[in-house]
>>> print(open('run_5.cif').read())   # mmCIF, C-alpha atoms and all ligand atoms
data_final
loop_
_atom_site.label_atom_id
_atom_site.label_comp_id
_atom_site.auth_asym_id
_atom_site.auth_seq_id
_atom_site.Cartn_x
_atom_site.Cartn_y
_atom_site.Cartn_z
CA MET E 1 0.00 0.00 0.00
CA LYS E 2 1.20 3.50 -0.81
CA PRO E 3 2.00 5.78 2.13
CA PHE E 4 -0.76 8.05 3.43
CA THR E 5 -0.81 11.74 2.55
CA ALA E 6 -2.31 14.04 5.18
CA ILE E 7 -4.67 16.78 4.04
CA ILE E 8 -5.13 19.59 6.54
CA PRO E 9 -7.85 22.10 5.64
CA ALA E 10 -6.91 25.30 7.46
CA ALA E 11 -8.29 28.08 5.30
CA GLY E 12 -11.14 29.19 7.55
CA LYS E 13 -11.36 32.39 9.51
CA GLY E 14 -12.77 31.03 12.77
CA VAL E 15 -15.32 33.77 13.35
CA ARG E 16 -16.50 32.17 16.60
CA LEU E 17 -13.04 32.83 18.02
CA LEU E 18 -12.94 36.55 17.32
CA PRO E 19 -11.18 38.73 18.40
CA TYR E 20 -8.33 36.19 18.61
CA THR E 21 -8.70 35.30 14.97
CA ALA E 22 -8.65 38.94 13.84
CA ASN E 23 -4.91 38.66 13.25
CA MET E 24 -4.24 34.97 12.85
CA PRO E 25 -5.98 31.92 11.46
CA LYS E 26 -7.85 29.72 13.91
CA THR E 27 -5.38 26.88 13.57
CA MET E 28 -2.63 29.16 14.94
CA ILE E 29 -4.48 29.84 18.20
CA THR E 30 -2.54 28.41 21.13
CA VAL E 31 -3.88 25.75 23.43
CA ALA E 32 -1.76 23.84 25.98
CA GLY E 33 1.42 25.59 24.96
CA LYS E 34 1.35 25.32 21.19
CA PRO E 35 -0.80 26.31 18.23
CA ILE E 36 -3.66 23.94 17.41
CA LEU E 37 -1.74 23.20 14.21
CA GLY E 38 1.26 22.06 16.31
CA HIS E 39 -0.93 19.47 18.04
CA ILE E 40 -2.18 18.34 14.64
CA LEU E 41 1.28 18.04 13.10
CA ASP E 42 2.57 16.13 16.13
CA GLN E 43 -0.24 13.64 15.52
CA VAL E 44 0.59 13.42 11.82
CA GLU E 45 4.25 12.75 12.69
CA SER E 46 3.35 10.15 15.30
CA LEU E 47 1.48 8.31 12.55
CA GLY E 48 4.65 8.30 10.44
CA ILE E 49 3.03 10.42 7.72
CA LYS E 50 5.62 12.57 5.95
CA LYS E 51 3.64 14.19 3.16
CA VAL E 52 1.19 16.94 4.12
CA VAL E 53 -1.03 19.10 1.94
CA PHE E 54 -2.36 22.21 3.66
CA ILE E 55 -5.34 24.10 2.33
CA VAL E 56 -4.77 27.69 3.33
CA GLY E 57 -6.52 31.00 2.80
CA TYR E 58 -7.16 33.47 5.59
CA LYS E 59 -3.82 34.79 7.01
CA LYS E 60 -1.96 31.97 5.34
CA GLU E 61 1.50 33.51 5.93
CA ALA E 62 1.31 32.65 9.65
CA ILE E 63 0.69 28.98 8.80
CA VAL E 64 3.45 28.80 6.19
CA GLU E 65 5.94 30.44 8.55
CA PHE E 66 5.05 28.15 11.47
CA VAL E 67 5.22 24.94 9.43
CA GLN E 68 8.47 25.85 7.69
CA SER E 69 10.22 26.90 10.90
CA GLN E 70 8.88 24.24 13.29
CA TYR E 71 8.38 21.21 11.01
CA PRO E 72 11.12 21.60 8.37
CA HIS E 73 11.47 17.82 7.88
CA LEU E 74 7.92 17.34 6.52
CA ASP E 75 7.27 17.24 2.78
CA VAL E 76 4.67 20.02 2.55
CA THR E 77 2.49 21.62 -0.10
CA PHE E 78 0.35 24.71 0.48
CA VAL E 79 -2.72 25.06 -1.70
CA GLU E 80 -4.71 28.26 -1.59
CA GLN E 81 -8.48 28.28 -1.37
CA PRO E 82 -9.20 31.74 -2.77
CA GLU E 83 -12.83 31.88 -1.63
CA PRO E 84 -14.47 30.28 1.43
CA LYS E 85 -16.56 27.78 -0.52
CA GLY E 86 -16.67 25.15 2.22
CA LEU E 87 -14.76 22.18 3.55
CA GLY E 88 -15.72 19.90 0.65
CA HIS E 89 -14.30 22.39 -1.83
CA ALA E 90 -11.15 22.85 0.29
CA VAL E 91 -10.42 19.13 0.34
CA TYR E 92 -11.11 18.86 -3.39
CA LEU E 93 -8.35 21.40 -4.07
CA ALA E 94 -5.81 18.84 -2.76
CA LYS E 95 -6.62 16.47 -5.64
CA PRO E 96 -3.56 17.21 -7.86
CA TYR E 97 -1.18 16.53 -4.97
CA VAL E 98 -2.60 13.31 -3.53
CA ALA E 99 -2.56 9.72 -4.78
CA GLY E 100 -3.32 6.54 -2.87
CA PRO E 101 -4.60 6.68 0.69
CA CYS E 102 -5.21 9.97 2.47
CA PHE E 103 -5.93 11.12 5.98
CA VAL E 104 -7.91 14.32 6.40
CA LEU E 105 -7.53 16.10 9.75
CA LEU E 106 -9.34 19.41 10.09
CA GLY E 107 -7.21 22.39 11.12
CA ASP E 108 -9.18 22.87 14.34
CA THR E 109 -9.27 19.25 15.48
CA ILE E 110 -7.15 18.26 18.47
CA VAL E 111 -7.11 14.54 19.14
CA ASP E 112 -5.05 13.58 22.16
CA GLY E 113 -5.37 9.83 21.68
CA ASP E 114 -4.11 7.16 19.34
CA LEU E 115 -5.28 7.68 15.76
CA LYS E 116 -3.61 4.52 14.44
CA PRO E 117 -6.78 2.36 14.65
CA LEU E 118 -8.61 4.97 12.59
CA VAL E 119 -5.90 5.55 9.99
CA PHE E 120 -4.38 2.08 9.70
CA GLY E 121 -7.45 -0.06 10.39
CA GLY E 122 -7.50 -1.14 6.73
CA LYS E 123 -10.88 0.48 6.05
CA ASN E 124 -12.27 3.89 5.18
CA ALA E 125 -12.97 5.37 8.58
CA ILE E 126 -14.17 8.51 10.33
CA GLY E 127 -13.78 9.59 13.93
CA ILE E 128 -17.03 10.15 15.82
CA ARG E 129 -17.97 11.23 19.30
CA THR E 130 -21.16 11.68 21.29
CA VAL E 131 -21.91 15.39 21.75
CA GLN E 132 -24.51 17.44 23.60
CA ASP E 133 -25.18 19.89 20.76
CA PRO E 134 -25.36 17.77 17.57
CA SER E 135 -26.82 20.49 15.33
CA ARG E 136 -23.38 22.21 15.40
CA PHE E 137 -21.73 19.24 13.68
CA GLY E 138 -21.84 16.70 10.90
CA ILE E 139 -23.88 13.79 12.24
CA VAL E 140 -23.89 10.05 11.55
CA GLU E 141 -26.92 7.84 11.90
CA MET E 142 -26.16 4.23 12.77
CA LYS E 143 -28.13 1.01 12.51
CA ASN E 144 -26.77 -2.31 13.79
CA GLY E 145 -23.28 -0.87 14.14
CA ARG E 146 -23.18 0.47 10.59
CA ILE E 147 -23.45 4.03 9.34
CA VAL E 148 -26.68 4.45 7.38
CA SER E 149 -26.67 8.20 6.81
CA PHE E 150 -24.67 11.39 7.17
CA GLU E 151 -26.03 14.88 7.59
CA GLU E 152 -24.26 18.21 7.99
CA LYS E 153 -25.48 20.42 10.84
CA PRO E 154 -29.08 19.17 10.76
CA GLU E 155 -31.80 21.15 12.47
CA LYS E 156 -33.31 17.92 13.74
CA PRO E 157 -30.37 15.57 14.28
CA LYS E 158 -31.11 11.87 13.98
CA SER E 159 -28.42 11.10 16.55
CA ASN E 160 -25.90 12.82 18.77
CA LEU E 161 -22.92 11.13 17.14
CA ALA E 162 -20.78 13.90 15.68
CA ILE E 163 -18.12 13.73 12.99
CA ILE E 164 -15.03 14.99 14.81
CA GLY E 165 -12.98 15.97 11.76
CA ALA E 166 -10.62 13.00 11.27
CA TYR E 167 -11.19 10.91 8.13
CA ALA E 168 -9.17 8.08 6.54
CA PHE E 169 -9.72 7.14 2.89
CA LEU E 170 -7.95 4.13 1.42
CA GLU E 171 -8.29 5.43 -2.11
CA SER E 172 -8.29 9.20 -2.42
CA ALA E 173 -9.51 9.00 -6.03
CA GLN E 174 -12.86 7.70 -4.70
CA LEU E 175 -13.10 10.68 -2.35
CA PHE E 176 -12.24 13.24 -5.04
CA ASP E 177 -14.72 11.62 -7.38
CA ALA E 178 -17.48 11.89 -4.76
CA LEU E 179 -16.55 15.51 -4.06
CA GLU E 180 -16.71 16.22 -7.78
CA GLU E 181 -20.24 14.85 -7.84
CA VAL E 182 -21.28 17.10 -4.95
CA ILE E 183 -19.70 20.14 -6.62
CA ARG E 184 -21.31 19.34 -9.98
CA SER E 185 -24.74 18.89 -8.37
CA GLY E 186 -24.56 22.39 -6.88
CA LYS E 187 -25.55 21.05 -3.45
CA THR E 188 -24.55 23.23 -0.51
CA VAL E 189 -25.41 23.36 3.18
CA LYS E 190 -25.20 26.78 4.82
CA ASN E 191 -23.94 28.01 1.44
CA GLU E 192 -20.89 25.76 1.53
CA ILE E 193 -19.82 22.64 -0.33
CA GLN E 194 -19.65 20.02 2.39
CA LEU E 195 -17.30 17.09 2.88
CA THR E 196 -20.15 15.36 4.71
CA ASP E 197 -22.17 15.31 1.46
CA ALA E 198 -19.29 13.50 -0.27
CA LEU E 199 -19.48 10.89 2.49
CA SER E 200 -23.17 10.46 1.63
CA VAL E 201 -22.25 10.00 -2.04
CA LEU E 202 -19.70 7.31 -1.10
CA LEU E 203 -22.27 5.57 1.10
CA GLY E 204 -24.78 5.66 -1.79
CA ARG E 205 -22.17 4.02 -4.02
CA GLY E 206 -21.82 1.18 -1.54
CA VAL E 207 -18.41 2.26 -0.22
CA GLU E 208 -18.00 1.14 3.39
CA ILE E 209 -17.01 3.81 5.93
CA VAL E 210 -16.57 2.61 9.47
CA PRO E 211 -17.03 4.80 12.55
CA VAL E 212 -14.24 4.93 15.11
CA GLU E 213 -15.15 6.40 18.48
CA MET E 214 -12.65 8.99 19.69
CA ASP E 215 -13.19 10.10 23.26
CA ASP E 216 -9.96 12.06 23.16
CA TRP E 217 -11.23 14.68 20.79
CA PHE E 218 -11.04 18.26 22.00
CA ASP E 219 -13.20 20.91 20.46
CA CYS E 220 -11.78 24.42 20.07
CA GLY E 221 -14.92 26.03 18.70
CA THR E 222 -15.36 28.97 21.07
CA VAL E 223 -13.17 30.85 23.57
CA GLU E 224 -14.90 29.17 26.50
CA VAL E 225 -14.33 25.73 24.98
CA LEU E 226 -10.73 26.67 24.14
CA LEU E 227 -9.98 27.48 27.80
CA GLN E 228 -11.69 24.27 28.85
CA THR E 229 -9.62 22.29 26.33
CA ASN E 230 -6.49 23.96 27.69
CA ARG E 231 -7.38 22.81 31.22
CA LEU E 232 -8.22 19.27 30.13
CA LEU E 233 -4.96 18.92 28.20
CA LEU E 234 -2.89 20.37 31.04
CA ASP E 235 -4.39 17.78 33.39
CA ARG E 236 -2.85 15.19 31.06
CA HIS E 237 0.41 16.85 30.02
CA HIS E 238 2.43 19.47 31.81
CA GLN E 239 5.98 20.72 31.69
CA VAL E 240 7.90 23.59 33.22
CA PRO E 241 11.52 24.20 32.21
CA ALA E 242 13.88 24.12 35.22
CA GLU E 243 14.93 27.73 34.74
CA VAL E 244 11.28 28.94 34.83
CA GLU E 245 10.62 26.76 37.89
CA LYS E 246 13.54 28.45 39.68
CA GLN E 247 12.63 32.04 38.95
CA ASN E 248 8.84 31.94 39.49
CA LYS E 249 6.16 30.45 41.69
CA ILE E 250 4.46 27.71 39.69
CA ILE E 251 1.13 26.22 40.74
CA PRO E 252 0.64 23.06 38.66
CA PRO E 253 -0.51 22.07 36.18
CA CYS E 254 1.18 24.42 33.70
CA TRP E 255 2.73 23.90 30.28
CA ILE E 256 5.54 26.34 29.65
CA ALA E 257 7.44 25.98 26.39
CA GLU E 258 11.22 25.56 26.36
CA GLY E 259 12.99 28.87 25.98
CA VAL E 260 10.18 30.97 27.48
CA SER E 261 11.52 33.80 29.62
CA ALA E 262 9.57 34.30 32.88
CA ARG E 263 10.73 36.13 35.99
CA ASN E 264 9.06 36.82 39.36
CA CYS E 265 5.66 35.54 38.25
CA VAL E 266 2.99 33.46 39.91
CA LEU E 267 1.74 31.08 37.22
CA GLY E 268 -1.03 28.54 37.54
CA PRO E 269 -2.98 26.53 37.89
CA TYR E 270 -3.84 25.97 34.22
CA VAL E 271 -1.48 28.40 32.57
CA SER E 272 0.05 27.54 29.21
CA VAL E 273 2.77 29.69 27.69
CA ALA E 274 3.91 29.17 24.10
CA TYR E 275 7.37 29.58 22.56
CA GLU E 276 9.31 32.86 22.67
CA ALA E 277 6.95 34.49 25.19
CA GLU E 278 8.42 36.83 27.83
CA LEU E 279 6.65 37.50 31.16
CA THR E 280 7.85 39.55 34.10
CA GLU E 281 6.11 40.01 37.44
CA CYS E 282 2.74 38.62 36.34
CA THR E 283 0.08 36.66 38.17
CA LEU E 284 -1.83 34.39 35.82
CA GLN E 285 -4.39 31.67 36.43
CA ASP E 286 -6.36 29.72 33.82
CA VAL E 287 -4.69 31.68 31.02
CA ILE E 288 -3.43 30.80 27.56
CA VAL E 289 -0.40 32.86 26.50
CA GLY E 290 0.34 32.77 22.77
CA PRO E 291 3.76 32.64 21.06
CA GLN E 292 6.04 35.69 21.16
CA THR E 293 3.74 37.47 23.63
CA LYS E 294 5.60 39.90 25.88
CA PHE E 295 4.19 41.66 28.94
CA THR E 296 4.99 42.80 32.48
CA HIS E 297 3.02 43.49 35.70
CA LYS E 298 -0.14 41.77 34.55
CA THR E 299 -2.74 39.99 36.65
CA ALA E 300 -5.20 37.95 34.62
CA SER E 301 -7.44 34.92 34.82
CA HIS E 302 -9.66 32.97 32.43
CA VAL E 303 -8.46 34.69 29.25
CA VAL E 304 -6.39 34.15 26.14
CA LEU E 305 -3.49 36.56 25.76
CA ASP E 306 -1.57 36.82 22.54
CA LYS E 307 0.69 39.38 20.97
CA TYR E 308 -2.29 41.10 19.38
CA ASN E 309 -4.69 40.90 22.35
CA LEU E 310 -3.13 41.96 25.64
C1 LIG M 1 -16.71 20.66 10.18
C2 LIG M 1 -17.48 19.55 9.45
C3 LIG M 1 -18.45 18.86 10.40
C4 LIG M 1 -17.71 18.36 11.63
C5 LIG M 1 -16.94 19.53 12.29
C6 LIG M 1 -16.06 19.04 13.43
O1 LIG M 1 -17.61 21.70 10.48
O2 LIG M 1 -18.17 20.10 8.34
O3 LIG M 1 -19.06 17.78 9.73
O4 LIG M 1 -18.62 17.81 12.54
O5 LIG M 1 -16.08 20.17 11.34
O6 LIG M 1 -15.49 20.12 14.11
P1 LIG M 1 -17.08 23.18 10.91
O7 LIG M 1 -16.60 23.07 12.32
O8 LIG M 1 -15.96 23.50 9.97
O9 LIG M 1 -18.24 24.09 10.76
#
>>> encode(input="run_5.cif", output="structure tokens")
Amino acid sequence: MKPFTAIIPAAGKGVRLLPYTANMPKTMITVAGKPILGHILDQVESLGIKKVVFIVGYKKEAIVEFVQSQYPHLDVTFVEQPEPKGLGHAVYLAKPYVAGPCFVLLGDTIVDGDLKPLVFGGKNAIGIRTVQDPSRFGIVEMKNGRIVSFEEKPEKPKSNLAIIGAYAFLESAQLFDALEEVIRSGKTVKNEIQLTDALSVLLGRGVEIVPVEMDDWFDCGTVEVLLQTNRLLLDRHHQVPAEVEKQNKIIPPCWIAEGVSARNCVLGPYVSVAYEAELTECTLQDVIVGPQTKFTHKTASHVVLDKYNL
């Protein structure tokens, strides 16, 4: 079997995360010490996938710069989606650069668990999870353990099993062909060409897609959920460089990136600080600090601070 290519759609603006997305794309928002995209690329690397196609658009320079500086060993292609025509359209744009199996991981999807059963299970597969608010998601309907229908953001959901944004396709040509059919038909949901509708086309053609339950999926849809995700991830992973530990009072759990400069601060619990940040004499609790963010004498709790929003 050919090696998998990862497709990461990251062209969207992330309006629900304004004002943080006013100056950077959603995938570059920090959670648990690194941009969402960093979590995604760590997953891609842990799967042994070397080839990655990014679909970019809004503030694409930030993504290109991050990937080239932090993940120089990956074989990457950036494809621009000039207009926000939807996730289905975004994925379709990867067609010229992908052959054989592909793994699609949405640019705002943090999975903190093992994706190998989903990607290397030998079948077309999608990650699903039970959610409280199904009308915000793509939904699968199951009968006797099999998926019988897909629907994107239905008003009256037939189940509360949401598509989390991780999809494995054994033959990408089948996916692109289904997307082409959706595009040709002119079908849109909320004015966008949907990947979920291509899944329906595949299902209609008798292609098997198996659901894989992923409890370790973390939503980053709104600021409140972002802070909650930060806390949940810090409960699982924390690190404080020795130098930072020495010069500050740390209340665990915190995730402070290597090389961060912090002096005379009280940090924690639930503070994450991303690379190249500089903090002096601050008291922070339940705070996400983005990369290259520099401030002094600040007391803050339950907020996201980045170099554009202090
Ligand atoms: C997309 C997909 C949807 C999926 C969701 C997961 O929607 O279209 O099927 O459930 O991601 O986050 P979006 O969040 O881009 O509106």
>>> residues_near_point(input="run_5.cif", point="(-6.2, 18.8, 20.2)", cutoff="7 Å", atoms="only C-alpha atoms", output="list in words")
Ile36, His39, Ile40, Thr109, Ile110, Val111, Asp112, Trp217 and Phe218 of chain E
>>> residues_around(input="run_5.cif", residues="Leu284 in chain E", least_positions_apart="3", cutoff="8 Å", atoms="all atoms listed in the file", output="PyMOL selection string")
chain E and resi 265-268+271+287+298-301
>>> closest_residue(input="run_5.cif", among="E:Ile29, E:Ile251, E:Val273, E:Ala162", to="Lys294 in chain E", atoms="all atoms listed in the file")
E:Val273
>>> residues_near_ligand(input="run_5.cif", ligand="ligand LIG 1 (chain M)", cutoff="7 Å", atoms="all atoms listed in the file", output="list in words")
Leu87, Leu106, Asp108, Thr109, Phe137, Gly138, Ile139, Glu152, Ala162, Ile163, Ile164, Gly165, Gln194, Leu195, Thr196 and Asp219 of chain E
>>> residues_around(input="run_5.cif", residues="range 303-310 of chain E", least_positions_apart="3", cutoff="7 Å", atoms="all atoms listed in the file", output="number ranges by chain")
E: 287-294
>>> residues_near_point(input="run_5.cif", point="(-20.1, 7.0, 0.4)", cutoff="12 Å", atoms="only C-alpha atoms", output="ChimeraX atom specification")
/E:124-126,147-150,169,174-179,181-182,195-210
>>> residues_around(input="run_5.cif", residues="range 50-55 of chain E", least_positions_apart="2", cutoff="9 Å", atoms="all atoms listed in the file", output="PyMOL selection string")
chain E and resi 3-11+44-45+47-48+57+73-81+90-91+93-94+97-98+107
>>> atom_distance(input="run_5.cif", atom1="CA of Leu161 in chain E", atom2="CA of Thr130 in chain E")
4.5 Å
>>> closest_residue(input="run_5.cif", among="E:Pro72, E:Lys246, E:Glu281, E:His297", to="Leu41 in chain E", atoms="only C-alpha atoms")
E:Pro72
>>> atom_distance(input="run_5.cif", atom1="CA of Val225 in chain E", atom2="CA of Arg16 in chain E")
10.8 Å
>>> atom_distance(input="run_5.cif", atom1="CA of Asn23 in chain E", atom2="CA of Ser69 in chain E")
19.3 Å
>>> build_atoms(input="run_5.cif", residues="range 223-246 of chain E", atoms="N, CA and C atoms", output="PDB file, in the coordinates of the input")
ATOM      1  N   VAL E 223     -14.196  30.505  22.585  1.00  0.00           N
ATOM      2  CA  VAL E 223     -13.170  30.850  23.570  1.00  0.00           C
ATOM      3  C   VAL E 223     -13.357  30.055  24.856  1.00  0.00           C
ATOM      4  N   GLU E 224     -14.605  29.928  25.279  1.00  0.00           N
ATOM      5  CA  GLU E 224     -14.900  29.170  26.500  1.00  0.00           C
ATOM      6  C   GLU E 224     -14.419  27.714  26.363  1.00  0.00           C
ATOM      7  N   VAL E 225     -14.727  27.122  25.209  1.00  0.00           N
ATOM      8  CA  VAL E 225     -14.330  25.730  24.980  1.00  0.00           C
ATOM      9  C   VAL E 225     -12.804  25.619  24.855  1.00  0.00           C
ATOM     10  N   LEU E 226     -12.198  26.645  24.286  1.00  0.00           N
ATOM     11  CA  LEU E 226     -10.730  26.670  24.140  1.00  0.00           C
ATOM     12  C   LEU E 226     -10.055  26.633  25.518  1.00  0.00           C
ATOM     13  N   LEU E 227     -10.555  27.453  26.441  1.00  0.00           N
ATOM     14  CA  LEU E 227      -9.980  27.480  27.800  1.00  0.00           C
ATOM     15  C   LEU E 227     -10.224  26.141  28.500  1.00  0.00           C
ATOM     16  N   GLN E 228     -11.382  25.572  28.260  1.00  0.00           N
ATOM     17  CA  GLN E 228     -11.690  24.270  28.850  1.00  0.00           C
ATOM     18  C   GLN E 228     -10.752  23.190  28.282  1.00  0.00           C
ATOM     19  N   THR E 229     -10.538  23.240  26.971  1.00  0.00           N
ATOM     20  CA  THR E 229      -9.620  22.290  26.330  1.00  0.00           C
ATOM     21  C   THR E 229      -8.218  22.450  26.901  1.00  0.00           C
ATOM     22  N   ASN E 230      -7.802  23.691  27.106  1.00  0.00           N
ATOM     23  CA  ASN E 230      -6.490  23.960  27.690  1.00  0.00           C
ATOM     24  C   ASN E 230      -6.379  23.272  29.059  1.00  0.00           C
ATOM     25  N   ARG E 231      -7.416  23.420  29.879  1.00  0.00           N
ATOM     26  CA  ARG E 231      -7.380  22.810  31.220  1.00  0.00           C
ATOM     27  C   ARG E 231      -7.328  21.280  31.131  1.00  0.00           C
ATOM     28  N   LEU E 232      -8.172  20.730  30.251  1.00  0.00           N
ATOM     29  CA  LEU E 232      -8.220  19.270  30.130  1.00  0.00           C
ATOM     30  C   LEU E 232      -6.875  18.711  29.658  1.00  0.00           C
ATOM     31  N   LEU E 233      -6.253  19.411  28.699  1.00  0.00           N
ATOM     32  CA  LEU E 233      -4.960  18.920  28.200  1.00  0.00           C
ATOM     33  C   LEU E 233      -3.860  19.093  29.238  1.00  0.00           C
ATOM     34  N   LEU E 234      -3.920  20.180  30.012  1.00  0.00           N
ATOM     35  CA  LEU E 234      -2.890  20.370  31.040  1.00  0.00           C
ATOM     36  C   LEU E 234      -3.021  19.352  32.168  1.00  0.00           C
ATOM     37  N   ASP E 235      -4.243  18.860  32.415  1.00  0.00           N
ATOM     38  CA  ASP E 235      -4.390  17.780  33.390  1.00  0.00           C
ATOM     39  C   ASP E 235      -3.645  16.528  32.920  1.00  0.00           C
ATOM     40  N   ARG E 236      -3.511  16.388  31.601  1.00  0.00           N
ATOM     41  CA  ARG E 236      -2.850  15.190  31.060  1.00  0.00           C
ATOM     42  C   ARG E 236      -1.358  15.398  30.814  1.00  0.00           C
ATOM     43  N   HIS E 237      -0.988  16.590  30.379  1.00  0.00           N
ATOM     44  CA  HIS E 237       0.410  16.850  30.020  1.00  0.00           C
ATOM     45  C   HIS E 237       0.821  18.178  30.629  1.00  0.00           C
ATOM     46  N   HIS E 238       1.931  18.183  31.360  1.00  0.00           N
ATOM     47  CA  HIS E 238       2.430  19.470  31.810  1.00  0.00           C
ATOM     48  C   HIS E 238       3.948  19.460  31.804  1.00  0.00           C
ATOM     49  N   GLN E 239       4.526  20.616  31.653  1.00  0.00           N
ATOM     50  CA  GLN E 239       5.980  20.720  31.690  1.00  0.00           C
ATOM     51  C   GLN E 239       6.351  22.150  32.064  1.00  0.00           C
ATOM     52  N   VAL E 240       7.384  22.265  32.884  1.00  0.00           N
ATOM     53  CA  VAL E 240       7.900  23.590  33.220  1.00  0.00           C
ATOM     54  C   VAL E 240       9.423  23.497  33.151  1.00  0.00           C
ATOM     55  N   PRO E 241      10.057  24.262  32.285  1.00  0.00           N
ATOM     56  CA  PRO E 241      11.520  24.200  32.210  1.00  0.00           C
ATOM     57  C   PRO E 241      12.137  24.578  33.563  1.00  0.00           C
ATOM     58  N   ALA E 242      13.266  23.942  33.904  1.00  0.00           N
ATOM     59  CA  ALA E 242      13.880  24.120  35.220  1.00  0.00           C
ATOM     60  C   ALA E 242      14.139  25.598  35.528  1.00  0.00           C
ATOM     61  N   GLU E 243      14.599  26.313  34.554  1.00  0.00           N
ATOM     62  CA  GLU E 243      14.930  27.730  34.740  1.00  0.00           C
ATOM     63  C   GLU E 243      13.681  28.535  35.153  1.00  0.00           C
ATOM     64  N   VAL E 244      12.550  28.253  34.517  1.00  0.00           N
ATOM     65  CA  VAL E 244      11.280  28.940  34.830  1.00  0.00           C
ATOM     66  C   VAL E 244      10.814  28.550  36.226  1.00  0.00           C
ATOM     67  N   GLU E 245      10.980  27.288  36.561  1.00  0.00           N
ATOM     68  CA  GLU E 245      10.620  26.760  37.890  1.00  0.00           C
ATOM     69  C   GLU E 245      11.381  27.522  38.973  1.00  0.00           C
ATOM     70  N   LYS E 246      12.662  27.800  38.703  1.00  0.00           N
ATOM     71  CA  LYS E 246      13.540  28.450  39.680  1.00  0.00           C
ATOM     72  C   LYS E 246      13.158  29.907  39.910  1.00  0.00           C
TER      73      LYS E 246
END
